[in-house]
$ cat input-v5.tsv   # TSV, C-alpha atoms
chain	number	residue	atom	x	y	z
A	1	MET	CA	124.40	107.04	120.37
A	2	LEU	CA	121.31	109.11	119.68
A	3	LYS	CA	117.96	107.73	120.75
A	4	ALA	CA	115.67	107.64	117.72
A	5	GLY	CA	112.00	106.89	117.18
A	6	VAL	CA	110.02	106.48	113.96
A	7	LEU	CA	106.59	107.95	113.30
A	8	GLY	CA	104.86	105.79	110.71
A	9	ALA	CA	105.44	102.07	110.14
A	10	GLY	CA	104.34	101.72	106.54
A	11	HIS	CA	106.53	100.46	103.68
A	12	LEU	CA	109.24	103.11	104.07
A	13	GLY	CA	108.83	103.36	107.84
A	14	LYS	CA	109.73	99.68	108.22
A	15	ILE	CA	112.89	100.25	106.16
A	16	HIS	CA	113.87	103.16	108.43
A	17	LEU	CA	113.20	101.04	111.51
A	18	ARG	CA	115.45	98.26	110.25
A	19	LEU	CA	118.29	100.61	109.33
A	20	LEU	CA	118.14	102.64	112.55
A	21	ASN	CA	118.16	99.37	114.46
A	22	GLN	CA	121.34	98.20	112.73
A	23	SER	CA	123.13	101.57	112.82
A	24	ASP	CA	125.83	102.10	115.43
A	25	LYS	CA	125.02	105.83	115.52
A	26	TYR	CA	121.47	105.37	116.81
A	27	GLU	CA	119.68	103.51	119.54
A	28	LEU	CA	116.21	102.65	118.27
A	29	ALA	CA	113.60	103.35	120.93
A	30	GLY	CA	110.66	102.20	118.83
A	31	PHE	CA	107.86	103.54	116.67
A	32	TYR	CA	104.31	104.87	116.64
A	33	ASP	CA	101.72	104.05	114.00
A	34	PRO	CA	98.07	105.12	114.36
A	35	ASN	CA	96.90	101.91	112.69
A	36	GLN	CA	96.83	99.64	115.74
A	37	LYS	CA	96.52	96.49	113.65
A	38	ASN	CA	99.63	97.39	111.66
A	39	ALA	CA	101.48	98.55	114.80
A	40	HIS	CA	100.80	95.22	116.52
A	41	LYS	CA	101.90	93.27	113.44
A	42	VAL	CA	105.17	95.22	113.04
A	43	SER	CA	105.94	94.95	116.76
A	44	LYS	CA	105.23	91.22	116.82
A	45	GLU	CA	107.12	90.46	113.61
A	46	PHE	CA	110.26	92.52	114.22
A	47	GLY	CA	110.33	93.02	117.98
A	48	TYR	CA	110.32	96.84	117.86
A	49	THR	CA	108.66	98.70	120.74
A	50	SER	CA	105.31	100.21	119.78
A	51	PHE	CA	104.46	103.46	121.56
A	52	SER	CA	100.86	104.31	122.37
A	53	SER	CA	100.98	107.93	121.14
A	54	VAL	CA	103.03	110.44	119.15
A	55	ASP	CA	103.81	112.40	122.34
A	56	GLU	CA	104.96	109.31	124.22
A	57	LEU	CA	107.44	108.48	121.46
A	58	ILE	CA	108.72	112.06	121.16
A	59	ASP	CA	109.34	112.24	124.94
A	60	ALA	CA	111.47	109.07	124.77
A	61	VAL	CA	113.93	110.08	122.03
A	62	ASP	CA	116.50	112.64	120.82
A	63	VAL	CA	115.66	112.29	117.13
A	64	VAL	CA	112.20	111.90	115.61
A	65	ASP	CA	112.16	110.21	112.20
A	66	ILE	CA	108.94	111.29	110.45
A	67	VAL	CA	107.88	108.74	107.82
A	68	THR	CA	104.16	109.51	107.79
A	69	PRO	CA	101.91	110.66	104.92
A	70	THR	CA	102.77	114.20	103.78
A	71	LEU	CA	99.54	115.64	105.20
A	72	SER	CA	100.73	114.89	108.76
A	73	HIS	CA	104.38	116.00	108.38
A	74	TYR	CA	103.72	119.46	109.80
A	75	ASP	CA	101.78	118.31	112.89
A	76	CYS	CA	104.39	115.65	113.73
A	77	ALA	CA	107.32	118.03	113.16
A	78	LYS	CA	105.70	120.79	115.23
A	79	LYS	CA	105.20	118.48	118.21
A	80	ALA	CA	108.77	117.20	118.03
A	81	LEU	CA	110.38	120.62	117.55
A	82	GLU	CA	108.42	122.24	120.37
A	83	LYS	CA	109.87	119.58	122.67
A	84	GLY	CA	113.39	120.36	121.43
A	85	LYS	CA	113.88	117.19	119.39
A	86	HIS	CA	115.87	116.91	116.15
A	87	ILE	CA	113.79	115.81	113.16
A	88	PHE	CA	114.47	113.76	110.07
A	89	ILE	CA	111.46	114.26	107.80
A	90	GLU	CA	110.65	112.41	104.60
A	91	LYS	CA	110.16	114.35	101.36
A	92	PRO	CA	108.29	116.47	100.61
A	93	ILE	CA	109.01	118.43	103.78
A	94	ALA	CA	105.37	119.49	104.19
A	95	ASN	CA	102.04	119.86	102.44
A	96	THR	CA	102.35	123.64	101.94
A	97	ILE	CA	105.08	126.28	101.77
A	98	GLU	CA	103.62	127.96	104.89
A	99	GLU	CA	103.95	124.70	106.85
A	100	ALA	CA	107.54	124.28	105.64
A	101	GLU	CA	108.42	127.83	106.70
A	102	GLU	CA	106.98	127.28	110.18
A	103	ILE	CA	108.93	124.02	110.54
A	104	ILE	CA	112.13	125.93	109.68
A	105	ALA	CA	111.26	128.73	112.13
A	106	LEU	CA	110.53	126.26	114.95
A	107	ALA	CA	113.82	124.41	114.39
A	108	GLU	CA	115.71	127.71	114.61
A	109	LYS	CA	113.76	128.84	117.67
A	110	HIS	CA	114.47	125.65	119.60
A	111	GLY	CA	118.07	125.27	118.38
A	112	VAL	CA	117.63	121.82	116.86
A	113	LYS	CA	118.56	120.31	113.52
A	114	GLY	CA	116.41	118.98	110.73
A	115	GLN	CA	117.06	117.06	107.54
A	116	VAL	CA	114.74	116.21	104.65
A	117	GLY	CA	114.77	112.74	103.10
A	118	HIS	CA	115.82	113.60	99.56
A	119	VAL	CA	117.56	110.25	99.29
A	120	GLU	CA	118.92	110.64	95.73
A	121	ARG	CA	121.56	113.04	97.09
A	122	PHE	CA	123.11	109.90	98.61
A	123	ASN	CA	122.81	107.73	95.50
A	124	PRO	CA	126.33	106.38	94.84
A	125	ALA	CA	126.14	107.25	91.13
A	126	PHE	CA	125.36	110.89	91.97
A	127	THR	CA	127.94	111.21	94.75
A	128	ALA	CA	130.59	109.81	92.38
A	129	VAL	CA	130.13	112.69	89.88
A	130	LYS	CA	128.52	115.62	91.71
A	131	ASP	CA	131.88	117.39	92.09
A	132	LYS	CA	132.40	117.12	88.32
A	133	ILE	CA	129.09	118.87	87.56
A	134	SER	CA	130.05	122.53	87.36
A	135	ASN	CA	127.81	125.26	85.96
A	136	PRO	CA	125.57	122.99	83.84
A	137	MET	CA	123.63	124.93	81.21
A	138	PHE	CA	121.21	122.25	80.01
A	139	ILE	CA	119.78	119.44	82.13
A	140	GLU	CA	117.40	116.68	81.11
A	141	THR	CA	115.82	114.24	83.57
A	142	HIS	CA	113.51	111.25	83.15
A	143	ARG	CA	111.99	109.60	86.21
A	144	LEU	CA	109.54	106.95	85.05
A	145	ALA	CA	107.88	104.32	87.20
A	146	GLU	CA	105.48	101.46	86.71
A	147	PHE	CA	102.08	102.08	88.27
A	148	ASN	CA	101.87	101.57	92.03
A	149	PRO	CA	98.78	102.68	94.00
A	150	ARG	CA	101.09	103.79	96.85
A	151	GLY	CA	101.82	107.49	96.40
A	152	THR	CA	98.91	108.32	94.11
A	153	ASP	CA	97.36	110.52	96.81
A	154	VAL	CA	99.69	113.29	95.56
A	155	PRO	CA	100.57	114.53	92.03
A	156	VAL	CA	103.49	112.77	90.33
A	157	VAL	CA	105.47	116.02	90.75
A	158	LEU	CA	105.46	115.62	94.55
A	159	ASP	CA	105.81	111.84	94.38
A	160	LEU	CA	108.64	111.47	91.84
A	161	MET	CA	109.74	114.67	90.11
A	162	ILE	CA	110.64	116.37	93.40
A	163	HIS	CA	113.72	114.10	93.62
A	164	ASP	CA	115.09	115.62	90.42
A	165	ILE	CA	114.03	119.13	91.40
A	166	ASP	CA	116.11	118.83	94.58
A	167	ILE	CA	119.13	117.45	92.71
A	168	ILE	CA	118.96	120.27	90.15
A	169	LEU	CA	118.57	122.99	92.78
A	170	SER	CA	121.61	121.60	94.61
A	171	LEU	CA	123.71	121.96	91.43
A	172	VAL	CA	122.47	125.14	89.73
A	173	ASN	CA	123.64	128.15	91.71
A	174	SER	CA	121.03	130.56	90.34
A	175	PRO	CA	117.45	131.63	91.13
A	176	VAL	CA	114.57	130.20	89.09
A	177	LYS	CA	113.42	132.69	86.44
A	178	HIS	CA	110.47	130.96	84.75
A	179	ILE	CA	108.59	127.65	84.75
A	180	ASN	CA	106.45	126.06	82.03
A	181	ALA	CA	104.75	122.75	82.72
A	182	SER	CA	102.00	120.37	81.72
A	183	GLY	CA	100.50	117.41	83.52
A	184	VAL	CA	97.89	114.78	82.68
A	185	SER	CA	95.75	112.60	84.94
A	186	VAL	CA	95.40	109.16	83.39
A	187	ILE	CA	94.44	106.77	86.17
A	188	SER	CA	94.51	108.90	89.34
A	189	ASN	CA	92.67	112.03	90.38
A	190	SER	CA	95.94	113.96	90.26
A	191	PRO	CA	98.46	114.14	87.37
A	192	ASP	CA	100.22	110.83	86.65
A	193	ILE	CA	102.60	112.19	84.01
A	194	ALA	CA	104.19	115.62	83.90
A	195	ASN	CA	106.79	117.63	82.06
A	196	ALA	CA	108.37	120.84	83.30
A	197	ARG	CA	110.83	123.31	81.81
A	198	ILE	CA	112.67	125.37	84.41
A	199	GLU	CA	114.64	128.41	83.28
A	200	PHE	CA	117.22	129.87	85.64
A	201	GLU	CA	118.46	133.46	85.71
A	202	ASN	CA	121.98	132.36	84.69
A	203	GLY	CA	120.62	130.88	81.44
A	204	CYS	CA	120.53	127.24	82.52
A	205	VAL	CA	117.48	125.29	81.32
A	206	ALA	CA	116.24	122.06	82.95
A	207	ASN	CA	113.71	119.82	81.23
A	208	LEU	CA	112.10	117.33	83.61
A	209	THR	CA	109.76	114.43	82.84
A	210	ALA	CA	108.09	112.25	85.46
A	211	SER	CA	105.58	109.45	85.02
A	212	ARG	CA	104.08	106.78	87.25
A	213	ILE	CA	102.24	104.98	84.43
A	214	SER	CA	105.22	103.75	82.43
A	215	LEU	CA	105.88	100.22	81.24
A	216	LYS	CA	109.41	100.28	82.64
A	217	ASN	CA	111.29	102.06	85.38
A	218	MET	CA	113.85	104.74	84.51
A	219	ARG	CA	115.70	107.32	86.61
A	220	LYS	CA	118.21	109.11	84.39
A	221	SER	CA	119.62	112.64	84.39
A	222	ARG	CA	121.90	114.25	81.83
A	223	PHE	CA	123.99	117.35	82.45
A	224	PHE	CA	125.56	119.42	79.68
A	225	GLN	CA	128.20	122.00	80.48
A	226	ARG	CA	131.18	123.62	78.81
A	227	ASP	CA	133.43	120.86	77.47
A	228	ALA	CA	131.58	118.06	79.29
A	229	TYR	CA	128.56	115.77	79.22
A	230	ILE	CA	127.66	113.82	82.35
A	231	SER	CA	124.95	111.16	82.56
A	232	VAL	CA	123.72	109.71	85.86
A	233	ASP	CA	121.59	106.57	86.01
A	234	PHE	CA	120.13	106.66	89.52
A	235	LEU	CA	118.38	103.31	89.03
A	236	GLU	CA	121.27	101.24	87.66
A	237	LYS	CA	123.87	103.19	89.70
A	238	GLN	CA	125.92	103.97	86.59
A	239	VAL	CA	127.55	107.14	85.23
A	240	GLU	CA	129.01	108.39	81.97
A	241	VAL	CA	131.47	111.27	81.95
A	242	VAL	CA	132.49	112.54	78.52
A	243	LYS	CA	134.90	115.46	78.47
A	244	MET	CA	136.64	117.56	75.84
A	245	LYS	CA	139.99	119.29	75.91
A	246	ASP	CA	142.08	121.10	73.33
A	247	ALA	CA	143.54	118.51	70.99
A	248	PRO	CA	147.33	118.04	71.23
A	249	LYS	CA	149.40	118.96	68.18
A	250	THR	CA	150.18	115.30	67.69
A	251	SER	CA	147.83	112.61	68.89
A	252	ASP	CA	147.77	108.83	68.69
A	253	GLU	CA	145.68	107.16	66.01
A	254	PHE	CA	143.02	106.01	68.48
A	255	ALA	CA	142.30	109.49	69.87
A	256	LEU	CA	138.80	110.87	69.26
A	257	ILE	CA	139.23	114.31	67.67
A	258	LEU	CA	136.45	116.74	66.74
A	259	GLN	CA	136.94	119.86	64.65
A	260	ASN	CA	134.36	122.67	64.67
A	261	ALA	CA	133.55	125.14	61.87
A	262	GLU	CA	136.23	127.53	63.11
A	263	GLY	CA	138.86	124.84	62.79
A	264	ILE	CA	139.32	124.39	66.55
A	265	LYS	CA	140.16	120.80	67.38
A	266	LYS	CA	139.02	119.11	70.57
A	267	GLN	CA	139.91	115.70	71.89
A	268	ILE	CA	137.14	113.62	73.49
A	269	TYR	CA	138.03	111.46	76.45
A	270	PHE	CA	136.07	109.40	78.95
A	271	GLU	CA	136.33	109.32	82.72
A	272	ASN	CA	135.20	106.39	84.83
A	273	PRO	CA	134.57	107.61	88.37
A	274	LYS	CA	134.63	104.92	91.02
A	275	ILE	CA	131.13	104.13	92.28
A	276	VAL	CA	131.14	102.90	95.86
A	277	PRO	CA	128.06	100.78	96.65
A	278	ASN	CA	126.07	101.97	99.64
A	279	ASN	CA	122.68	102.02	101.29
A	280	ALA	CA	121.49	105.54	100.51
A	281	ILE	CA	118.79	105.60	103.21
A	282	LEU	CA	121.26	104.44	105.87
A	283	ASP	CA	123.73	107.08	104.67
A	284	GLU	CA	121.21	109.91	104.91
A	285	LEU	CA	120.22	108.84	108.43
A	286	GLU	CA	123.81	108.43	109.61
A	287	THR	CA	125.08	111.70	108.11
A	288	PHE	CA	122.25	113.39	110.01
A	289	ALA	CA	123.52	111.80	113.22
A	290	ASP	CA	126.99	113.15	112.36
A	291	ALA	CA	125.57	116.65	111.79
A	292	ILE	CA	123.95	116.55	115.25
A	293	ALA	CA	127.05	115.15	116.96
A	294	ASN	CA	129.47	117.59	115.28
A	295	ASN	CA	127.07	120.56	115.17
A	296	THR	CA	127.44	120.87	111.40
A	297	THR	CA	124.91	121.61	108.65
A	298	PRO	CA	122.90	118.56	107.47
A	299	ILE	CA	123.46	117.57	103.83
A	300	VAL	CA	119.81	118.26	102.92
A	301	THR	CA	118.61	121.15	105.06
A	302	LEU	CA	115.02	122.04	105.91
A	303	SER	CA	115.41	125.17	103.77
A	304	GLN	CA	116.51	123.10	100.78
A	305	GLY	CA	113.51	120.86	101.32
A	306	LYS	CA	111.29	123.95	101.29
A	307	ASN	CA	112.94	125.24	98.09
A	308	ALA	CA	112.29	121.93	96.31
A	309	LEU	CA	108.67	122.00	97.48
A	310	LYS	CA	108.29	125.61	96.30
A	311	VAL	CA	109.43	124.77	92.76
A	312	ALA	CA	107.25	121.64	92.75
A	313	MET	CA	104.22	123.73	93.76
A	314	GLU	CA	104.96	126.27	91.03
A	315	ILE	CA	105.11	123.44	88.49
A	316	ILE	CA	101.74	122.08	89.66
A	317	ALA	CA	100.23	125.57	89.61
A	318	SER	CA	101.26	126.02	85.97
A	319	PHE	CA	99.39	122.93	84.71
$ encode --input "input-v5.tsv" --output "structure tokens"
Amino acid sequence: MLKAGVLGAGHLGKIHLRLLNQSDKYELAGFYDPNQKNAHKVSKEFGYTSFSSVDELIDAVDVVDIVTPTLSHYDCAKKALEKGKHIFIEKPIANTIEEAEEIIALAEKHGVKGQVGHVERFNPAFTAVKDKISNPMFIETHRLAEFNPRGTDVPVVLDLMIHDIDIILSLVNSPVKHINASGVSVISNSPDIANARIEFENGCVANLTASRISLKNMRKSRFFQRDAYISVDFLEKQVEVVKMKDAPKTSDEFALILQNAEGIKKQIYFENPKIVPNNAILDELETFADAIANNTTPIVTLSQGKNALKVAMEIIASF
């Protein structure tokens, strides 16, 4: 078992503490939170050990789980990496590209592993169909949330849209060619609603919309590729897979047949991939433990976290 400690005991930090505590791949050493009132409350309520400083916690563990505000990601990661500790770091990886690049360099220098908390990669709806998404040429995503003051210290692109940016970059095997975007501040000092169009060099186009001032929550992505349409509902954990194949010469009366202008007939059929319920946060933490134990590449690498941040920053810069 790997000894793990959590930096930050806010809303998400408490979830990480609970899951690390119940995991059989980790031994939870405790946590550090600079807010002494909150640290005392969390320690008293759940029985977790509260460390008196960041350094004290880092010295006591093998893995540092960084669940602090984005502004402090770099400082926390730097301290942990310089002491040779593995890091799990919440998204976005850092506040700037330069910070992200130094985190990557430090991890390589000290021979330790890092993973970024892009949790939607572990969503059961996505994992059920990701192998079916092959060379998508048009992608549309909607990530809409009801207003919540938590997270409004950063633009909606870094708060919400970055989830979809990471998913898209993991599926489209091509460099970004061009980005167009617009964002509007409605209630916060930074944009609350944004739309971005990302063009890739292979011709794929992704149209992303994110909002944190919606009347209902929605987290849907649609992928269009040759002879297939795949829809992923990250919120409801549901998928739709609609495929086409050449129509047989004789088909039963219930078959769905389409004929194009050239007279080519295609048969439409539906696939229902099995969705296995899971706890996505527990999965991301435990697969990181496996990567450390087996010396394999983490599912969401530090470099991938940097790439998602880079595209997010380019979107913000184009507002």
$ closest_residue --input "input-v5.tsv" --among "A:Asp55, A:Glu98, A:Asp166, A:Glu284" --to "Val119 of chain A" --atoms "all atoms listed in the file"
A:Glu284
$ closest_atom_pairs --input "input-v5.tsv" --of "segment 115-174 of chain A" --to "segment 226-247 of chain A" --cutoff "9 Å" --atoms "only C-alpha atoms" --output "Markdown table"
| residue | atom | partner | partner_atom | distance |
| --- | --- | --- | --- | --- |
| A:Glu120 | CA | A:Phe234 | CA | 7.5 |
| A:Asn123 | CA | A:Phe234 | CA | 6.6 |
| A:Pro124 | CA | A:Lys237 | CA | 6.5 |
| A:Ala125 | CA | A:Lys237 | CA | 4.9 |
| A:Phe126 | CA | A:Val232 | CA | 6.4 |
| A:Ala128 | CA | A:Val239 | CA | 8.2 |
| A:Val129 | CA | A:Val239 | CA | 7.7 |
| A:Lys132 | CA | A:Ile230 | CA | 8.3 |
| A:Ile133 | CA | A:Ile230 | CA | 7.4 |
| A:Ser134 | CA | A:Arg226 | CA | 8.7 |
| A:Asn135 | CA | A:Arg226 | CA | 8.1 |
| A:Pro136 | CA | A:Arg226 | CA | 7.6 |
| A:Met137 | CA | A:Arg226 | CA | 8.0 |
$ write_last_selection --input "input-v5.tsv" --atoms "C-alpha atoms" --output "PDB file, in the coordinates of the input"
ATOM      1  CA  GLU A 120     118.920 110.640  95.730  1.00  0.00           C
ATOM      2  CA  ASN A 123     122.810 107.730  95.500  1.00  0.00           C
ATOM      3  CA  PRO A 124     126.330 106.380  94.840  1.00  0.00           C
ATOM      4  CA  ALA A 125     126.140 107.250  91.130  1.00  0.00           C
ATOM      5  CA  PHE A 126     125.360 110.890  91.970  1.00  0.00           C
ATOM      6  CA  ALA A 128     130.590 109.810  92.380  1.00  0.00           C
ATOM      7  CA  VAL A 129     130.130 112.690  89.880  1.00  0.00           C
ATOM      8  CA  LYS A 132     132.400 117.120  88.320  1.00  0.00           C
ATOM      9  CA  ILE A 133     129.090 118.870  87.560  1.00  0.00           C
ATOM     10  CA  SER A 134     130.050 122.530  87.360  1.00  0.00           C
ATOM     11  CA  ASN A 135     127.810 125.260  85.960  1.00  0.00           C
ATOM     12  CA  PRO A 136     125.570 122.990  83.840  1.00  0.00           C
ATOM     13  CA  MET A 137     123.630 124.930  81.210  1.00  0.00           C
TER      14      MET A 137
END
$ atom_distance --input "input-v5.tsv" --atom1 "atom CA of Leu208 of chain A" --atom2 "atom CA of Leu302 of chain A"
23.0 Å
$ residues_near_point --input "input-v5.tsv" --point "(127.8, 111.2, 117.3)" --cutoff "8 Å" --atoms "all atoms listed in the file" --output "PDB file with C-alpha atoms, keeping the file's coordinate frame"
ATOM      1  CA  MET A   1     124.400 107.040 120.370  1.00  0.00           C
ATOM      2  CA  LEU A   2     121.310 109.110 119.680  1.00  0.00           C
ATOM      3  CA  LYS A  25     125.020 105.830 115.520  1.00  0.00           C
ATOM      4  CA  ALA A 289     123.520 111.800 113.220  1.00  0.00           C
ATOM      5  CA  ASP A 290     126.990 113.150 112.360  1.00  0.00           C
ATOM      6  CA  ILE A 292     123.950 116.550 115.250  1.00  0.00           C
ATOM      7  CA  ALA A 293     127.050 115.150 116.960  1.00  0.00           C
ATOM      8  CA  ASN A 294     129.470 117.590 115.280  1.00  0.00           C
TER       9      ASN A 294
END
$ closest_residue --input "input-v5.tsv" --among "A:Val42, A:Ala4, A:Cys76, A:Ile89" --to "Gly30 of chain A" --atoms "only C-alpha atoms"
A:Ala4
$ build_atoms --input "input-v5.tsv" --residues "segment 291-310 of chain A" --atoms "N, CA and C atoms" --output "mmCIF file, keeping the file's coordinate frame"
data_model
loop_
_atom_site.group_PDB
_atom_site.id
_atom_site.type_symbol
_atom_site.label_atom_id
_atom_site.label_comp_id
_atom_site.auth_asym_id
_atom_site.auth_seq_id
_atom_site.Cartn_x
_atom_site.Cartn_y
_atom_site.Cartn_z
ATOM 1 N N ALA A 291 125.827 115.206 111.753
ATOM 2 C CA ALA A 291 125.570 116.650 111.790
ATOM 3 C C ALA A 291 125.159 117.088 113.197
ATOM 4 N N ILE A 292 124.373 116.244 113.872
ATOM 5 C CA ILE A 292 123.950 116.550 115.250
ATOM 6 C C ILE A 292 125.152 116.466 116.190
ATOM 7 N N ALA A 293 125.919 115.375 116.065
ATOM 8 C CA ALA A 293 127.050 115.150 116.960
ATOM 9 C C ALA A 293 128.141 116.207 116.804
ATOM 10 N N ASN A 294 128.380 116.642 115.566
ATOM 11 C CA ASN A 294 129.470 117.590 115.280
ATOM 12 C C ASN A 294 128.991 119.034 115.146
ATOM 13 N N ASN A 295 127.679 119.230 115.313
ATOM 14 C CA ASN A 295 127.070 120.560 115.170
ATOM 15 C C ASN A 295 127.416 121.185 113.820
ATOM 16 N N THR A 296 127.201 120.390 112.764
ATOM 17 C CA THR A 296 127.440 120.870 111.400
ATOM 18 C C THR A 296 126.102 120.918 110.645
ATOM 19 N N THR A 297 126.130 121.473 109.449
ATOM 20 C CA THR A 297 124.910 121.610 108.650
ATOM 21 C C THR A 297 124.552 120.277 107.994
ATOM 22 N N PRO A 298 123.317 119.804 108.140
ATOM 23 C CA PRO A 298 122.900 118.560 107.470
ATOM 24 C C PRO A 298 123.057 118.682 105.954
ATOM 25 N N ILE A 299 123.239 117.564 105.280
ATOM 26 C CA ILE A 299 123.460 117.570 103.830
ATOM 27 C C ILE A 299 122.242 118.094 103.080
ATOM 28 N N VAL A 300 121.044 117.722 103.521
ATOM 29 C CA VAL A 300 119.810 118.260 102.920
ATOM 30 C C VAL A 300 119.071 119.024 104.004
ATOM 31 N N THR A 301 119.182 120.338 103.996
ATOM 32 C CA THR A 301 118.610 121.150 105.060
ATOM 33 C C THR A 301 117.091 121.309 104.901
ATOM 34 N N LEU A 302 116.458 121.766 105.963
ATOM 35 C CA LEU A 302 115.020 122.040 105.910
ATOM 36 C C LEU A 302 114.719 123.110 104.861
ATOM 37 N N SER A 303 115.603 124.099 104.758
ATOM 38 C CA SER A 303 115.410 125.170 103.770
ATOM 39 C C SER A 303 115.494 124.641 102.348
ATOM 40 N N GLN A 304 116.415 123.707 102.115
ATOM 41 C CA GLN A 304 116.510 123.100 100.780
ATOM 42 C C GLN A 304 115.275 122.267 100.480
ATOM 43 N N GLY A 305 114.747 121.604 101.490
ATOM 44 C CA GLY A 305 113.510 120.860 101.320
ATOM 45 C C GLY A 305 112.357 121.782 100.958
ATOM 46 N N LYS A 306 112.334 122.963 101.596
ATOM 47 C CA LYS A 306 111.290 123.950 101.290
ATOM 48 C C LYS A 306 111.449 124.473 99.864
ATOM 49 N N ASN A 307 112.692 124.726 99.443
ATOM 50 C CA ASN A 307 112.940 125.240 98.090
ATOM 51 C C ASN A 307 112.476 124.250 97.026
ATOM 52 N N ALA A 308 112.739 122.958 97.255
ATOM 53 C CA ALA A 308 112.290 121.930 96.310
ATOM 54 C C ALA A 308 110.770 121.880 96.258
ATOM 55 N N LEU A 309 110.125 121.996 97.428
ATOM 56 C CA LEU A 309 108.670 122.000 97.480
ATOM 57 C C LEU A 309 108.102 123.223 96.762
ATOM 58 N N LYS A 310 108.757 124.373 96.925
ATOM 59 C CA LYS A 310 108.290 125.610 96.300
ATOM 60 C C LYS A 310 108.284 125.485 94.771
#
